[in-house]
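S.K.: Sending over a structure as structure tokens; questions will come in a sec.
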Amino acid sequence: MSHQFDRRLTPARKDLAAAYLQGQVEAERFVDGVPMEVCEGVVDVRRDPRPDAPVDTQAIFGEKLHVYDEEEGWFWVQLDHDQYVGWIAANTVWKTLSAPTHRVTAPCTYLYPGPSIKLPPTQALTLGARVEIIEKRDNFLVTPHSGFIYADHLSVCHDSASDFVTIAEKLLNAPYLWGGKSWFGIDCSGLVQLSLLMCGINAPRDSDLQEQQLGIELAPEQKLKRGDLIFWKGHVGVMRDEVTLLHANGTHMLVSSEPLALVRERNLAAGAGDITRRRRLSF
């Protein structure tokens with residue numbers, strides 16, 4: 001495969017590749033992907049088809065994807081939203097494709113088997129999960145599979161948030177998890193991607209791609225403001241105001257809010273390098 005293709009975003013191997021890549025990559029055979037949908041709350045996307053393989057990212061309930069290969073209970077997939085490629089457990093997706101009408105706006109909520117919070121929930125759904133709703137019953141919205149979700153934890157899909165920093169702030173103190181993108185665990189670039197998605201903005205998954213593609217670079221003399229992105233090699237954070245950084249980080253092992261100057265000083269002392277770019281989004 002040509003060096004110009006990123007393995008994270010290109011469903012191509014020596015033995016098999018997606019049909020849409022025919023003529024662009026070399027492979028023994030090309031296949032059409034089978035469209036499927038995530039049916040579990042949060043699903044790991046792994047680098048290899050085994051449970052101890054590194055987790056590169058996650059997919060959440062209602063997310064669409066295409067399956068290109070199967071191996072002993074694992075599917076090799078590409079996520080439709082950000083084009084990420086990896087292996088997921090085959091029992092976490094199904095072929096029944098929903099027509100999402102609502103999405104979860106709370107950091108986490110629950111799917112109940114009936115209209116009562118006293119019933120044991122069947123699933124936990126995290127921020128950004130998309131669901132199809134067919135009716136309202138009391139304080140709950142009902143899915144086609146008779147799942148009940150507290151109505152105030154959902155909004156219609158086209159109601160995008162206006163401030164992605166406010167979304168990121170909802171995840172303050174969520175635990176840090178490499179490859180994570182939910183309330184149960186999230187990493188630095190997952191925090192940025194998920195927060196922007198809730199505002200209707202598609203962003204790349206990883207911080208190096210976000211640094212290349214998001215916003216415009218600020219000059220050194222420009223003052224920072226809320227919503228500016230701060231990049232180090234392999235790390236990204238979001239400014240809450242002109243001095244305070246919000247970021248999922250391995251130092252505190254959670255999403256924390258602290259002075260940018262302190263983070264910069266700590267990273268320099270640890271040999272992690274200085275800020276590589278400051279970028280401002282316009283939308």
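The chains in the structure tokens are called A, B, ... from first to last as shown; in each chain the residues are counted from 1, and the ligands are counted from 1 in the order shown.
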Which parts of region 172-250 of chain A does DSSP call helix (DSSP H, G or I) when run on the backbone here, written out as a PyMOL selection string?
M.R.: chain A and resi 188-197+207-213
S.K.: Would you return as number ranges by chain the members of region 66-218 of chain A that DSSP assigns to strand (DSSP E or B) on this structure's backbone?
M.R.: A: 66-71, 74-79, 85-89, 93-94, 102-104, 108-112, 123-126, 130-131, 135-137, 140-142, 148-150, 154-156, 175-176, 181-182, 185-186, 216-217
S.K.: Create the file for the chosen residues now, containing C-alpha atoms and written as a short mmCIF file (atom, residue, chain, number, x, y, z; two decimals), in the first residue's frame.
M.R.:
```cif
data_model
loop_
_atom_site.label_atom_id
_atom_site.label_comp_id
_atom_site.auth_asym_id
_atom_site.auth_seq_id
_atom_site.Cartn_x
_atom_site.Cartn_y
_atom_site.Cartn_z
CA HIS A 66 -19.13 -1.00 7.50
CA VAL A 67 -17.85 -4.53 8.07
CA TYR A 68 -15.20 -5.83 5.66
CA ASP A 69 -13.97 -9.04 7.28
CA GLU A 70 -14.71 -11.49 10.09
CA GLU A 71 -12.29 -13.56 12.15
CA TRP A 74 -14.29 -10.19 15.47
CA PHE A 75 -15.30 -7.81 12.69
CA TRP A 76 -12.82 -5.68 10.75
CA VAL A 77 -14.67 -2.39 10.27
CA GLN A 78 -14.55 1.23 9.23
CA LEU A 79 -16.61 3.71 11.24
CA VAL A 85 -10.51 1.36 10.91
CA GLY A 86 -10.12 -1.47 13.41
CA TRP A 87 -11.48 -4.66 14.94
CA ILE A 88 -14.56 -4.86 17.14
CA ALA A 89 -16.33 -7.75 18.85
CA VAL A 93 -23.19 -4.72 16.33
CA TRP A 94 -26.27 -5.71 14.38
CA HIS A 102 -32.59 11.84 19.08
CA ARG A 103 -29.21 11.79 20.78
CA VAL A 104 -28.06 11.65 24.39
CA CYS A 108 -24.57 9.24 30.77
CA THR A 109 -28.13 7.92 30.90
CA TYR A 110 -29.87 4.56 31.04
CA LEU A 111 -32.08 2.46 28.82
CA TYR A 112 -34.88 0.90 30.88
CA GLN A 123 -27.88 -0.52 29.05
CA ALA A 124 -25.96 2.64 29.80
CA LEU A 125 -25.89 5.19 26.99
CA THR A 126 -23.30 7.94 26.88
CA ARG A 130 -28.05 8.21 18.80
CA VAL A 131 -31.42 6.53 19.19
CA GLU A 135 -43.33 7.83 21.13
CA LYS A 136 -43.35 9.57 24.49
CA ARG A 137 -44.75 7.89 27.59
CA PHE A 140 -39.75 8.76 28.98
CA LEU A 141 -39.10 8.47 25.27
CA VAL A 142 -39.55 5.01 23.76
CA PHE A 148 -37.28 3.69 27.72
CA ILE A 149 -34.96 6.68 28.15
CA TYR A 150 -35.55 9.65 30.46
CA LEU A 154 -32.23 13.47 24.97
CA SER A 155 -32.58 16.12 22.28
CA VAL A 156 -33.59 15.83 18.65
CA PRO A 175 -11.62 9.25 33.92
CA TYR A 176 -8.81 9.30 31.40
CA LYS A 181 -14.58 8.69 23.93
CA SER A 182 -17.28 8.44 26.59
CA GLY A 185 -13.27 7.00 29.92
CA ILE A 186 -11.99 9.49 27.40
CA ILE A 216 -6.48 28.38 11.81
CA GLU A 217 -3.12 28.81 13.50
#
```
S.K.: Pick the closest to Gly200 (chain A) from A:Asp274, A:Glu221, A:Asp163, A:Asp187: which is it, counting only C-alpha atoms?
M.R.: A:Asp163
S.K.: Write out as a list in words each polymer residue whose atoms come within 8 Å of Val38 (chain A), counting only C-alpha atoms; drop sequence neighbours fewer than 3 positions from it.
M.R.: Gly41, Val43, Ala59, Ile60, Phe61, Gly62, Glu63, Lys64, Leu65, Thr92, Val93 and Trp94 of chain A
S.K.: Would you list the contacts of Leu224 (chain A) as number ranges by chain, taking every protein, DNA or RNA residue within 9 Å and counting only C-alpha atoms, but skipping same-chain residues closer than 2 positions in sequence?
M.R.: A: 218, 222, 226-228, 239, 241-243, 278, 280
S.K.: Could you jot down the CA of Ser189 (chain A) to CA of Phe5 (chain A) separation for me, Å, one decimal place?
M.R.: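 CA of Ser189 (chain A) sits 20.8 Å away from CA of Phe5 (chain A).
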S.K.: Pick out the closest residue to Leu209 (chain A) from this set: A:Asp82, A:Asp48, A:Val255, A:Leu268. Count only C-alpha atoms.
M.R.: A:Asp82
S.K.: I'd like the contact shell of Gly234 (chain A) - 10 Å cut-off, only C-alpha atoms, skipping same-chain residues fewer than 4 positions apart - returned as a PDB file with N, CA and C atoms, in the first residue's frame.
M.R.:
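As a result, out.pdb now contains:
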```pdb
ATOM      1  N   CYS A 188      -7.623  12.763  25.245  1.00  0.00           N
ATOM      2  CA  CYS A 188      -7.605  14.186  24.914  1.00  0.00           C
ATOM      3  C   CYS A 188      -8.287  14.491  23.584  1.00  0.00           C
ATOM      4  N   SER A 189      -7.977  13.723  22.552  1.00  0.00           N
ATOM      5  CA  SER A 189      -8.565  13.989  21.243  1.00  0.00           C
ATOM      6  C   SER A 189     -10.017  13.520  21.182  1.00  0.00           C
ATOM      7  N   ASP A 206      -7.779  11.653  15.982  1.00  0.00           N
ATOM      8  CA  ASP A 206      -6.524  11.748  16.714  1.00  0.00           C
ATOM      9  C   ASP A 206      -5.961  13.168  16.718  1.00  0.00           C
ATOM     10  N   SER A 207      -5.157  13.476  17.734  1.00  0.00           N
ATOM     11  CA  SER A 207      -4.692  14.850  17.925  1.00  0.00           C
ATOM     12  C   SER A 207      -3.798  15.337  16.790  1.00  0.00           C
ATOM     13  N   ASP A 208      -2.998  14.440  16.180  1.00  0.00           N
ATOM     14  CA  ASP A 208      -2.142  14.900  15.083  1.00  0.00           C
ATOM     15  C   ASP A 208      -2.966  15.343  13.887  1.00  0.00           C
ATOM     16  N   GLU A 211      -4.679  18.652  14.733  1.00  0.00           N
ATOM     17  CA  GLU A 211      -3.726  19.763  14.618  1.00  0.00           C
ATOM     18  C   GLU A 211      -3.554  20.196  13.170  1.00  0.00           C
ATOM     19  N   ALA A 272       8.362  16.593  27.906  1.00  0.00           N
ATOM     20  CA  ALA A 272       7.326  16.331  26.903  1.00  0.00           C
ATOM     21  C   ALA A 272       7.285  17.383  25.802  1.00  0.00           C
ATOM     22  N   THR A 276       3.085  23.010  20.451  1.00  0.00           N
ATOM     23  CA  THR A 276       3.450  22.983  19.033  1.00  0.00           C
ATOM     24  C   THR A 276       2.576  23.922  18.207  1.00  0.00           C
TER      25      THR A 276
END
```
S.K.: To one decimal in Å, tell me the separation between CA of Gly180 (chain A) and CA of Leu21 (chain A).
M.R.: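 Rounded to one decimal, the two atoms are 28.3 Å apart.
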S.K.: When you draw a straight line from CA of Lys223 (chain A) to CA of Ala168 (chain A), how long is it in Å?
M.R.: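 Those two atoms sit 21.3 Å apart.
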S.K.: Excluding Ala203 (chain A) and any residue of its chain fewer than 4 positions from it, enumerate the residues within 9 Å of it, using only C-alpha atoms, and give them as a ChimeraX atom specification.
M.R.: /A:82,192-194,196-197,209-210,213-214
S.K.: Just to be explicit: take each residue in the selection above, keep N, CA and C atoms, and write the result as a PDB file, in the first residue's frame.
M.R.:
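Writing the result to result-v5.pdb gives the following:
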```pdb
ATOM      1  N   ASP A  82     -15.977   8.973  11.396  1.00  0.00           N
ATOM      2  CA  ASP A  82     -14.628   9.533  11.267  1.00  0.00           C
ATOM      3  C   ASP A  82     -13.681   8.663  10.450  1.00  0.00           C
ATOM      4  N   VAL A 192     -12.169  16.385  22.410  1.00  0.00           N
ATOM      5  CA  VAL A 192     -12.355  17.409  21.378  1.00  0.00           C
ATOM      6  C   VAL A 192     -13.322  16.913  20.310  1.00  0.00           C
ATOM      7  N   GLN A 193     -13.122  15.699  19.822  1.00  0.00           N
ATOM      8  CA  GLN A 193     -13.967  15.185  18.749  1.00  0.00           C
ATOM      9  C   GLN A 193     -15.432  15.092  19.175  1.00  0.00           C
ATOM     10  N   LEU A 194     -15.678  14.512  20.354  1.00  0.00           N
ATOM     11  CA  LEU A 194     -17.048  14.332  20.820  1.00  0.00           C
ATOM     12  C   LEU A 194     -17.734  15.668  21.058  1.00  0.00           C
ATOM     13  N   LEU A 196     -17.123  18.582  19.664  1.00  0.00           N
ATOM     14  CA  LEU A 196     -17.422  19.230  18.390  1.00  0.00           C
ATOM     15  C   LEU A 196     -18.577  18.528  17.674  1.00  0.00           C
ATOM     16  N   LEU A 197     -18.622  17.209  17.768  1.00  0.00           N
ATOM     17  CA  LEU A 197     -19.701  16.463  17.117  1.00  0.00           C
ATOM     18  C   LEU A 197     -21.062  16.885  17.662  1.00  0.00           C
ATOM     19  N   LEU A 209      -4.073  14.623  13.625  1.00  0.00           N
ATOM     20  CA  LEU A 209      -4.954  14.997  12.521  1.00  0.00           C
ATOM     21  C   LEU A 209      -5.755  16.254  12.864  1.00  0.00           C
ATOM     22  N   GLN A 210      -6.147  16.388  14.111  1.00  0.00           N
ATOM     23  CA  GLN A 210      -6.851  17.595  14.535  1.00  0.00           C
ATOM     24  C   GLN A 210      -5.949  18.817  14.395  1.00  0.00           C
ATOM     25  N   GLN A 213      -5.909  19.767  10.707  1.00  0.00           N
ATOM     26  CA  GLN A 213      -7.138  20.047   9.979  1.00  0.00           C
ATOM     27  C   GLN A 213      -8.092  21.034  10.641  1.00  0.00           C
ATOM     28  N   LEU A 214      -7.994  21.233  11.942  1.00  0.00           N
ATOM     29  CA  LEU A 214      -8.981  22.068  12.622  1.00  0.00           C
ATOM     30  C   LEU A 214      -8.522  23.515  12.768  1.00  0.00           C
TER      31      LEU A 214
END
```
